[in-house]
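One structure is given here, and the rest of the page talks about it.
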Amino acid sequence: MTTAKIAIVGGGIAGLVAAATLARQGFRPDLFEAAPELGGRAQTRVLDGFHFNQGPHALYVNGAFNAVLAGLGLSAPGRRLRLDGALAVWGDETHPLPTRLVATGSAPPLSSAETAALAEVFARLTHGDYDGAGSPLRTFTAELPEAVRMVIEALVRVSSYAHAPEDIDAKAALDQVRLSFGGVLYIDGGWRSLVSALAGVATEAGARLRSEHRVMAVARAHDGWRIDLAGQRAETFDAVILAVAPSVARDLVAGSDHIAAAARSTQPLRTMGLDLGLSATSPGAGFVLGMDAPVYMSLHSAIAELAPPGGGLLHVARYLAPDETPSPAHIEGLEQLADRLQPGWRDRLVHKQRLVGINVVQDYPRWRQGGRRTPVVVPDAPGLFLAGDWIGETGMLSDAAAASAVVAAREAAALLVGAPPQT
Ligand SMILES: Cc1cc2nc3c(=O)[nH]c(=O)nc-3n(C[C@H](O)[C@H](O)[C@H](O)COP(=O)(O)OP(=O)(O)OC[C@H]3O[C@@H](n4cnc5c(N)ncnc54)[C@H](O)[C@@H]3O)c2cc1C
């Protein structure tokens, strides 16, 4: 056990991974979370047996977050999404979703030549036979037949939430589709199961997880950092990991030009979501993806334990482009999509959750930035580190949050024990 004091601000996935990692290394980090519950955007609300994540959440089997969980000795209580029977929406028509496995012969409405072109792209993705770093996804997809372009851009949307083919870095986008080929898990009991497992590991190893502790400022003090807390005494630490949104990090740390510039440069990905708790579901497709419209629908309860017996938990979502303003028409469009694919849902509605323009991630790899996000180490604030889904080089979504948290924990530990960080 070391006496060095480390604070973590923010109790979402990034903060919890940092806390668990440091505690396992013999530190006793203090984690401050403003909300009464830990978990941030990975929280799950439970209403009458319906487990409402904050919109549709899927864990990438081969992703960094799952690897971090495994490294902590945790196994995600999830079940693999199966895509047999999945549908693609093309205007008024629906057709089987042309997945990697079924893109042989002809995948209507694609012609056989288009299907062959799609199969070739899938083979390239499978083998990692592409580059595209430093160029937009659209440069890659523009070379493809129109219908194939639509399929690939839809797969990028569903795997990264990015409805931004002109902005997202092509390599990062295609890496994410490739990652999706390894499968995703829907989590029994919702992502709160992952949150409480992480919190359990962290607490057991000696971390103190302090919810309802809002940090008001993080300021230099002697050799370390002072944390000002709402309604509590200030405390000082040798190192601080900020696992909060970019604007929060900027407001907390006055005097770091680096964090201010990073916060200005981030670009969130947002979505409109309709999460429906139903007393019963209709037979039909469990998974539907828009090809010519940026929409998604999935009956998560058909895979994981998320609804009471006989009931269903349906997620419908519309991906927003970076400059798009959320509008009530988007939600109406989602209700109409549900009418079309889960007819009668309105009569079976028990609980409804609407997400209007929620930030899915705080930043994503954009080609103009060379596909890079803000680094963990803050050059003008020694002892301060950043973690979250807007930080670091690895992965997207919760994978980025978890991967950057591990790096932040490693850097903080290395600073405090004076050893160089492992690579
Ligand atoms: C609709 C939707 C769908 C998603 N789908 C997926 C998916 O399918 N797969 C996937 O991998 N990821 C998905 N994500 C993304 C995933 O939820 C996030 O990447 C991840 O939860 C981010 O964790 P974080 O710790 O970086 O940030 P957050 O969860 O935002 O945590 C930050 C925490 O800091 C706290 N905080 C803020 N200010 C203060 C303060 N002053 N003092 C103390 N605490 C403070 C907040 O309360 C919050 O708990 C989705 C997100 C959304 C919204």
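Numbering starts fresh at 1 for the residues of each chain in the structure tokens, the chains themselves are lettered A, B, ... in the order given, and ligands are numbered from 1 as they appear.
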**Request:** Mind the document's chain letters and residue numbers, and return as a ChimeraX atom specification the residues of segment 203-374 of chain A that DSSP labels strand (DSSP E or B).
**Result:** /A:208-210,215-221,224-229,235-237,239-242,269-278,287-290,295-299,312-319,349-361,366,374
**Item:** helix (DSSP H, G or I) call set, DSSP backbone run, segment 159-281 of chain A, as JSON, numbers by chain
**Value:** {"A": [159, 160, 170, 171, 172, 173, 174, 175, 176, 177, 178, 179, 180, 181, 192, 193, 194, 195, 196, 197, 198, 199, 200, 201, 202, 203, 204, 246, 247, 248, 249, 250, 251, 252, 257, 258, 259, 260, 261, 262, 263, 264, 265]}
**Request:** Name the residues in contact with Arg346 of chain A at a cut-off of 10 Å, using only C-alpha atoms, excluding same-chain residues fewer than 4 positions from it; report them as a PyMOL selection string.
**Result:** chain A and resi 276+278+335+338-339+342+350
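Interatomic distance, atom CA of Ser196 of chain A against atom CA of Gln43 of chain A: 9.8 Å.
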**Asked** Which neighbours of segment 28-38 of chain A fall inside 8 Å, counting only C-alpha atoms, when residues of the same chain fewer than 5 positions from it are skipped, and could you give them as number ranges by chain?
**Response** A: 1-3, 5-12, 15-16, 19, 22-23, 43, 195, 205-215
**Message:** For a test of reading the model, state the distance in Å between atom CA of Ala249 of chain A and atom CA of Ser160 of chain A, rounded to one decimal.
**Reply:**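 So the answer is 23.8 Å.
For the residues A:Ala304, A:Leu415, A:Ala239, A:Leu274, ranking by smallest atom-to-atom distance to ligand 1 using only C-alpha atoms and all ligand atoms places A:Leu274 first.
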**Request:** Please provide as a list in words all residues within 10 Å of Arg373 of chain A, with the sequence filter that same-chain residues fewer than 6 positions apart are discarded (counting only C-alpha atoms).
**Result:** Ala262, Ser265, Thr266, Asp363, Tyr364, Pro365, Arg366, Asp389, Trp390, Ile391, Gly392, Glu393, Thr394 and Ala400 of chain A
Take the residues from that selection and write them out as a PDB file, in the first residue's frame, keeping N, CA and C atoms.
```pdb
ATOM      1  N   ALA A 262      -8.336  21.918 -25.665  1.00  0.00           N
ATOM      2  CA  ALA A 262      -8.891  20.590 -25.948  1.00  0.00           C
ATOM      3  C   ALA A 262     -10.415  20.635 -25.896  1.00  0.00           C
ATOM      4  N   SER A 265     -11.917  22.112 -28.926  1.00  0.00           N
ATOM      5  CA  SER A 265     -11.762  21.382 -30.193  1.00  0.00           C
ATOM      6  C   SER A 265     -12.601  20.107 -30.262  1.00  0.00           C
ATOM      7  N   THR A 266     -13.223  19.688 -29.150  1.00  0.00           N
ATOM      8  CA  THR A 266     -13.955  18.420 -29.212  1.00  0.00           C
ATOM      9  C   THR A 266     -15.273  18.579 -29.985  1.00  0.00           C
ATOM     10  N   ASP A 363     -16.216  13.054 -28.001  1.00  0.00           N
ATOM     11  CA  ASP A 363     -15.372  13.348 -29.170  1.00  0.00           C
ATOM     12  C   ASP A 363     -15.127  12.040 -29.917  1.00  0.00           C
ATOM     13  N   TYR A 364     -14.705  12.161 -31.167  1.00  0.00           N
ATOM     14  CA  TYR A 364     -14.421  10.968 -31.963  1.00  0.00           C
ATOM     15  C   TYR A 364     -13.248  11.281 -32.892  1.00  0.00           C
ATOM     16  N   PRO A 365     -12.634  10.233 -33.447  1.00  0.00           N
ATOM     17  CA  PRO A 365     -11.456  10.474 -34.289  1.00  0.00           C
ATOM     18  C   PRO A 365     -11.866  11.116 -35.615  1.00  0.00           C
ATOM     19  N   ARG A 366     -11.441  12.354 -35.799  1.00  0.00           N
ATOM     20  CA  ARG A 366     -11.766  13.077 -37.037  1.00  0.00           C
ATOM     21  C   ARG A 366     -10.513  13.191 -37.911  1.00  0.00           C
ATOM     22  N   ASP A 389     -14.245   9.203 -22.879  1.00  0.00           N
ATOM     23  CA  ASP A 389     -14.419   8.747 -24.260  1.00  0.00           C
ATOM     24  C   ASP A 389     -13.996   9.808 -25.280  1.00  0.00           C
ATOM     25  N   TRP A 390     -13.417  10.913 -24.787  1.00  0.00           N
ATOM     26  CA  TRP A 390     -12.860  11.942 -25.684  1.00  0.00           C
ATOM     27  C   TRP A 390     -11.339  11.973 -25.617  1.00  0.00           C
ATOM     28  N   ILE A 391     -10.769  10.980 -24.974  1.00  0.00           N
ATOM     29  CA  ILE A 391      -9.338  10.995 -24.659  1.00  0.00           C
ATOM     30  C   ILE A 391      -8.627   9.773 -25.249  1.00  0.00           C
ATOM     31  N   GLY A 392      -7.406  10.014 -25.733  1.00  0.00           N
ATOM     32  CA  GLY A 392      -6.506   8.905 -26.063  1.00  0.00           C
ATOM     33  C   GLY A 392      -6.658   8.384 -27.479  1.00  0.00           C
ATOM     34  N   GLU A 393      -5.863   7.373 -27.752  1.00  0.00           N
ATOM     35  CA  GLU A 393      -5.714   6.873 -29.122  1.00  0.00           C
ATOM     36  C   GLU A 393      -6.542   5.619 -29.378  1.00  0.00           C
ATOM     37  N   THR A 394      -7.015   4.977 -28.329  1.00  0.00           N
ATOM     38  CA  THR A 394      -7.572   3.630 -28.491  1.00  0.00           C
ATOM     39  C   THR A 394      -9.088   3.607 -28.496  1.00  0.00           C
ATOM     40  N   ALA A 400     -12.987   3.646 -25.503  1.00  0.00           N
ATOM     41  CA  ALA A 400     -12.060   4.782 -25.350  1.00  0.00           C
ATOM     42  C   ALA A 400     -12.020   5.218 -23.891  1.00  0.00           C
TER      43      ALA A 400
END
```
**Prompt:** If we count only C-alpha atoms, what is near Ser193 of chain A at a cut-off of 10 Å, once residues fewer than 4 positions away on the same chain are taken out, given as a list in words?
**Reply:**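 So the residues in contact are Gly39, Ala42, Gln43, Thr44, Ala76, Pro77, Gly78, Ile187, Asp188, Gly189, Ala197, Leu198 and Ala199 of chain A.
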Who sits within 7 Å of segment 138-152 of chain A, only C-alpha atoms, same chain under 4 positions skipped, as a short mmCIF file (atom, residue, chain, number, x, y, z; two decimals) with C-alpha atoms, in the first residue's frame:
```
data_model
loop_
_atom_site.label_atom_id
_atom_site.label_comp_id
_atom_site.auth_asym_id
_atom_site.auth_seq_id
_atom_site.Cartn_x
_atom_site.Cartn_y
_atom_site.Cartn_z
CA LEU A 110 -28.31 -4.83 -54.19
CA GLU A 114 -23.16 -4.73 -55.95
CA LEU A 118 -19.91 -5.51 -50.80
CA VAL A 156 -20.15 2.77 -39.34
CA PRO A 165 -18.86 10.37 -43.17
CA GLU A 166 -17.22 13.64 -44.20
CA ALA A 170 -11.69 6.52 -42.42
CA MET A 291 -29.59 2.17 -44.93
CA ASP A 292 -30.80 5.40 -46.53
#
```
**Prompt:** For ligand 1, which residue among A:Gly383, A:Gly73, A:Gly40, A:Pro136 is the nearest when counting only C-alpha atoms and all ligand atoms?
**Reply:**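 The answer is A:Gly40, which sits nearest to ligand 1.
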**Request:** Using atom CA of Asp238 of chain A and atom CA of Val68 of chain A as the two end points, give the distance in Å to one decimal.
**Result:**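 Computing the Euclidean distance for atom CA of Asp238 of chain A and atom CA of Val68 of chain A yields 25.1 Å.
Distances to Gly370 of chain A were evaluated for A:Ile303, A:Leu416, A:Ile168, A:Val248 using only C-alpha atoms, and the minimum falls at A:Ile168.
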